[in-house]
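The next block holds one structure in the form of structure tokens; read it before the comments.
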Amino acid sequence: MIPTLEWTSEGVRFLDQTRLPLEEIYVLATSYNDVATIIRDMIVRGAPAIGVSAAMGVALGVSRSQATSVETFQPEFNTICDVLAATRPTAVNLFWAIERMRQRFAELATQSGITMEKISDALTQEAQQMYGEDIAACKAMGAHGAELMPKSGTVLTHCNAGALATCGYGTALGVIRAAVERGHAINVFADETRPYLQGARLTAWELLHDNIPTTVLCDNMAASLMRQGNIQAVIVGADRIAANGDVANKIGTYGVAVLAREHGIPFYVAAPWSTIDLATATGDGIPIEQRPAREVTHFNDKQLTPNGAGIENPAFDVTPSKYVTAIITERGVLRAPYDQAMHNMLAEPASVSSN
Ligand code: MRU
């Protein structure tokens, strides 16, 4: 499995996604500030991977603290969580993971005679458990979603919702992997995904790594290929799903969803429950990260646009739920009306655990 991130005795090790596909280089975070920088600079990216990275960042911060008592450590713990939470605003998995670490810390802090060492061990264990749960959730999404993929044909994806965006296997690419493992003959069209090129650099790299045939498309090619009948399904990941099923995902996803509807092609979203934000009623309430203009004006050090040109760089857009054929989660497949479907599924006992 592609080692996107990993807890080690020296710190948290990340595959540097800014260097792919040409170089496989690892960076080691030895402090929570390092982890925050690594998330902000997109050395690690993708909603589930960001969440687990932040949890590991919290555990790392606790393990490196010089505090001798839980009471004196509390303000430092708050700072660790706040610094990590301030890295990227859209993927709700980040806030979900930090909240889970805060709750675990609060539980531990009430235990009489608890030591910093025990808290550190327990929080490290919690972060590692989240890592295992994420892989299990991806595998379960694969199992639920595989049969929705064509037995034979081409599936379009946008951005990277694969092993590189999770702790392994992937969400949207996990569903594709699971379908291929079950004998489906699938070709993948990977939108290049300007400006950060997650599709061209990362999706193509990881699918070819698994011998899944992949063709890179420029972002403006999907319409024409759909019209020619060359795309049988679309599947993407998500950074945040509102209570009504509106989906925030990489900029450009909305356009692909509208095109899919126009051409009668199913548009699927694969995401774990940690991406569902029931506290946000609709997509209008989802904060959209604005990234630096330089990601658009330059490619590496080469300038692409004239000085003085105005630049927009929203990292995500929102696809209204009416364009979403189904949302594939680790608990099962949701279909509209999504608010009702989410409540019904939440009422069922969860069957996914880490192992
Ligand atoms: O800016 P990124 O690369 O973090 O954006 C990633 C995406 O939009 C993914 O599609 C999403 O996080 C789902 S990853 C399983």
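For the structure tokens, the naming scheme is as follows: chains receive sequential letters (A, B, ...) according to their order of presentation, residues are indexed from 1 within each chain, and ligands are indexed from 1 in presentation order.
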Please identify every residue of region 234-277 of chain A that has at least one atom no farther than 9 Å from an atom of region 285-290 of chain A, counting only C-alpha atoms, and for each give the shortest atom pair and the distance in Å to one decimal, arranged by chain then increasing number, as a Markdown table.
```
| residue | atom | partner | partner_atom | distance |
| --- | --- | --- | --- | --- |
| A:Arg240 | CA | A:Ile286 | CA | 7.5 |
| A:Ile241 | CA | A:Ile286 | CA | 8.6 |
| A:Ala242 | CA | A:Ile286 | CA | 7.6 |
| A:Ala248 | CA | A:Ile286 | CA | 7.4 |
```
Selection export as a PDB file, in the first residue's frame, atoms kept: all heavy atoms:
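Done, and the output landed in out.pdb:
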```pdb
ATOM      1  N   ARG A 240     -16.331  18.058   2.285  1.00  0.00           N
ATOM      2  CA  ARG A 240     -17.370  18.264   3.295  1.00  0.00           C
ATOM      3  C   ARG A 240     -18.724  18.059   2.618  1.00  0.00           C
ATOM      4  O   ARG A 240     -18.959  18.557   1.521  1.00  0.00           O
ATOM      5  CB  ARG A 240     -17.284  19.673   3.875  1.00  0.00           C
ATOM      6  CG  ARG A 240     -18.081  19.859   5.130  1.00  0.00           C
ATOM      7  CD  ARG A 240     -18.057  21.290   5.631  1.00  0.00           C
ATOM      8  NE  ARG A 240     -16.777  21.795   6.100  1.00  0.00           N
ATOM      9  CZ  ARG A 240     -16.621  22.492   7.226  1.00  0.00           C
ATOM     10  NH1 ARG A 240     -17.650  22.721   8.015  1.00  0.00           N
ATOM     11  NH2 ARG A 240     -15.426  22.980   7.558  1.00  0.00           N
ATOM     12  N   ILE A 241     -19.589  17.311   3.291  1.00  0.00           N
ATOM     13  CA  ILE A 241     -20.936  17.087   2.768  1.00  0.00           C
ATOM     14  C   ILE A 241     -21.917  17.670   3.775  1.00  0.00           C
ATOM     15  O   ILE A 241     -21.911  17.303   4.954  1.00  0.00           O
ATOM     16  CB  ILE A 241     -21.200  15.578   2.544  1.00  0.00           C
ATOM     17  CG1 ILE A 241     -20.188  15.012   1.533  1.00  0.00           C
ATOM     18  CG2 ILE A 241     -22.638  15.352   2.062  1.00  0.00           C
ATOM     19  CD1 ILE A 241     -20.259  13.507   1.334  1.00  0.00           C
ATOM     20  N   ALA A 242     -22.741  18.608   3.309  1.00  0.00           N
ATOM     21  CA  ALA A 242     -23.702  19.248   4.203  1.00  0.00           C
ATOM     22  C   ALA A 242     -24.869  18.297   4.491  1.00  0.00           C
ATOM     23  O   ALA A 242     -25.027  17.268   3.823  1.00  0.00           O
ATOM     24  CB  ALA A 242     -24.211  20.539   3.569  1.00  0.00           C
ATOM     25  N   ALA A 248     -19.011  19.650  -1.069  1.00  0.00           N
ATOM     26  CA  ALA A 248     -17.838  20.476  -1.382  1.00  0.00           C
ATOM     27  C   ALA A 248     -16.706  19.539  -1.777  1.00  0.00           C
ATOM     28  O   ALA A 248     -16.398  18.578  -1.059  1.00  0.00           O
ATOM     29  CB  ALA A 248     -17.417  21.314  -0.179  1.00  0.00           C
TER      30      ALA A 248
END
```
List every residue of region 155-214 of chain A that DSSP, applied to the backbone of this structure, assigns to alpha helix (DSSP H), and report them as a compact mmCIF listing (two decimals) with N, CA and C atoms, in the first residue's frame.
```txt
# COMPACT_ATOMS: atom_id res chain seq x y z
N ALA A 172 -12.94 7.55 -3.62
CA ALA A 172 -13.38 7.34 -5.01
C ALA A 172 -12.49 6.31 -5.70
N LEU A 173 -11.16 6.45 -5.53
CA LEU A 173 -10.27 5.48 -6.19
C LEU A 173 -10.35 4.12 -5.49
N GLY A 174 -10.75 4.10 -4.24
CA GLY A 174 -10.97 2.82 -3.54
C GLY A 174 -12.13 2.06 -4.17
N VAL A 175 -13.18 2.80 -4.55
CA VAL A 175 -14.32 2.15 -5.21
C VAL A 175 -13.87 1.60 -6.57
N ILE A 176 -13.07 2.38 -7.29
CA ILE A 176 -12.55 1.89 -8.58
C ILE A 176 -11.66 0.67 -8.35
N ARG A 177 -10.77 0.75 -7.35
CA ARG A 177 -9.89 -0.40 -7.05
C ARG A 177 -10.73 -1.65 -6.74
N ALA A 178 -11.77 -1.46 -5.92
CA ALA A 178 -12.59 -2.61 -5.52
C ALA A 178 -13.29 -3.20 -6.74
N ALA A 179 -13.76 -2.34 -7.64
CA ALA A 179 -14.44 -2.84 -8.85
C ALA A 179 -13.44 -3.63 -9.71
N VAL A 180 -12.24 -3.11 -9.85
CA VAL A 180 -11.21 -3.81 -10.65
C VAL A 180 -10.88 -5.15 -10.00
N GLU A 181 -10.76 -5.15 -8.65
CA GLU A 181 -10.47 -6.41 -7.93
C GLU A 181 -11.59 -7.44 -8.15
N ALA A 204 -3.03 9.80 -11.55
CA ALA A 204 -2.40 8.97 -12.60
C ALA A 204 -1.26 8.14 -12.00
N TRP A 205 -0.47 8.76 -11.13
CA TRP A 205 0.67 8.05 -10.53
C TRP A 205 0.20 6.85 -9.71
N GLU A 206 -0.80 7.05 -8.86
CA GLU A 206 -1.16 5.93 -7.98
C GLU A 206 -1.95 4.85 -8.70
N LEU A 207 -2.75 5.21 -9.72
CA LEU A 207 -3.48 4.15 -10.44
C LEU A 207 -2.54 3.34 -11.32
N LEU A 208 -1.58 4.01 -11.94
CA LEU A 208 -0.61 3.27 -12.76
C LEU A 208 0.25 2.37 -11.87
N HIS A 209 0.54 2.83 -10.64
CA HIS A 209 1.25 2.03 -9.64
C HIS A 209 0.52 0.70 -9.42
```
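Distance check against Asn187 (chain A) using only C-alpha atoms: of A:His144, A:Gly153, A:Asn220, A:Thr203, the minimum falls on A:Gly153.
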Show me a table, sorted first by chain and then by increasing residue number, of the residues of chain A having an atom at most 6 Å from ligand 1, each with its shortest atom pair and the distance in Å to one decimal, counting only C-alpha atoms and all ligand atoms and written as a tab-separated table.
```
residue	atom	partner	partner_atom_place_in_ligand_line	distance
A:Arg45	CA	ligand 1	4 (O)	3.9
A:Gly46	CA	ligand 1	12 (O)	3.5
A:Ala47	CA	ligand 1	12 (O)	3.8
A:Pro48	CA	ligand 1	15 (C)	5.9
A:Cys159	CA	ligand 1	10 (O)	5.3
A:Asn160	CA	ligand 1	10 (O)	5.3
A:Ala161	CA	ligand 1	15 (C)	3.7
A:Gly162	CA	ligand 1	15 (C)	5.8
A:Ala165	CA	ligand 1	14 (S)	4.7
A:Thr166	CA	ligand 1	15 (C)	5.8
A:Gly170	CA	ligand 1	15 (C)	5.9
A:Thr171	CA	ligand 1	15 (C)	5.0
A:Gly237	CA	ligand 1	13 (C)	4.0
A:Ala238	CA	ligand 1	13 (C)	4.3
A:Asp239	CA	ligand 1	12 (O)	4.5
A:Asn249	CA	ligand 1	8 (O)	4.5
A:Lys250	CA	ligand 1	8 (O)	3.7
```
Go through A:Glu99, A:Leu164, A:Pro89, A:Phe105 and flag the residue nearest Pro3 (chain A), using only C-alpha atoms for the distances. A:Leu164
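Those residues that approach region 130-133 of chain A to within 9 Å, counting only C-alpha atoms, are Glu6, Ala49, Gly51, Val52, Ser53, Ala55, Ala97, Gln125, Glu126, Ala127, Gln128, Ile135, Ala136, Ala137, Cys138, Thr166, Cys167, Gly168, Val352, Ser353, Ser354 and Asn355 of chain A; same-chain residues fewer than 2 positions away are not listed.
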Take the residues just selected and output them with C-alpha atoms as a PDB file, in the first residue's frame.
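The resulting file, result20.pdb, is reproduced below:
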```
ATOM      1  CA  GLU A   6       2.896   6.927   9.037  1.00  0.00           C
ATOM      2  CA  ALA A  49      -5.447  12.181   5.200  1.00  0.00           C
ATOM      3  CA  GLY A  51      -7.756  14.579   9.457  1.00  0.00           C
ATOM      4  CA  VAL A  52      -5.522  11.692  10.523  1.00  0.00           C
ATOM      5  CA  SER A  53      -2.394  13.840  10.030  1.00  0.00           C
ATOM      6  CA  ALA A  55      -4.630  13.734  14.981  1.00  0.00           C
ATOM      7  CA  ALA A  97     -10.222  14.553  14.037  1.00  0.00           C
ATOM      8  CA  GLN A 125      -2.953   5.100  20.322  1.00  0.00           C
ATOM      9  CA  GLU A 126      -6.084   7.102  19.466  1.00  0.00           C
ATOM     10  CA  ALA A 127      -4.406   8.653  16.393  1.00  0.00           C
ATOM     11  CA  GLN A 128      -3.166   5.258  15.247  1.00  0.00           C
ATOM     12  CA  ILE A 135      -8.270   2.300   5.815  1.00  0.00           C
ATOM     13  CA  ALA A 136     -11.153   0.064   6.966  1.00  0.00           C
ATOM     14  CA  ALA A 137     -13.663   2.756   5.930  1.00  0.00           C
ATOM     15  CA  CYS A 138     -12.070   3.011   2.474  1.00  0.00           C
ATOM     16  CA  THR A 166      -6.371   8.841   2.780  1.00  0.00           C
ATOM     17  CA  CYS A 167      -4.355   6.479   4.955  1.00  0.00           C
ATOM     18  CA  GLY A 168      -4.580   3.937   2.139  1.00  0.00           C
ATOM     19  CA  VAL A 352     -17.078  -0.829  10.352  1.00  0.00           C
ATOM     20  CA  SER A 353     -14.182  -1.186  12.751  1.00  0.00           C
ATOM     21  CA  SER A 354     -10.418  -0.962  12.433  1.00  0.00           C
ATOM     22  CA  ASN A 355      -8.418  -4.160  12.351  1.00  0.00           C
TER      23      ASN A 355
END
```
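Using only C-alpha atoms, the shortest contact distance between Gln228 (chain A) and any of A:Pro75, A:Val258, A:Val216, A:His263 is found at A:His263.
As for CA of Gly61 (chain A) and CA of Glu76 (chain A), they are spaced 8.9 Å apart.
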Across A:Ser69, A:Thr157, A:Asn313, A:Asn93, the smallest distance to Arg291 (chain A), with only C-alpha atoms counted, is shown by A:Asn313
Given only C-alpha atoms as the basis, pick out the residue of A:Ile98, A:Tyr169, A:Tyr323, A:Asn78 nearest to Met1 (chain A). A:Tyr169
Check region 247-341 of chain A with DSSP on the backbone and list each residue it calls strand (DSSP E or B), as a VMD selection string. chain A and resid 247 to 250 267 to 270 276 to 277 290 298 to 299 302 to 303 314 316 to 319 326 to 328 333 to 334
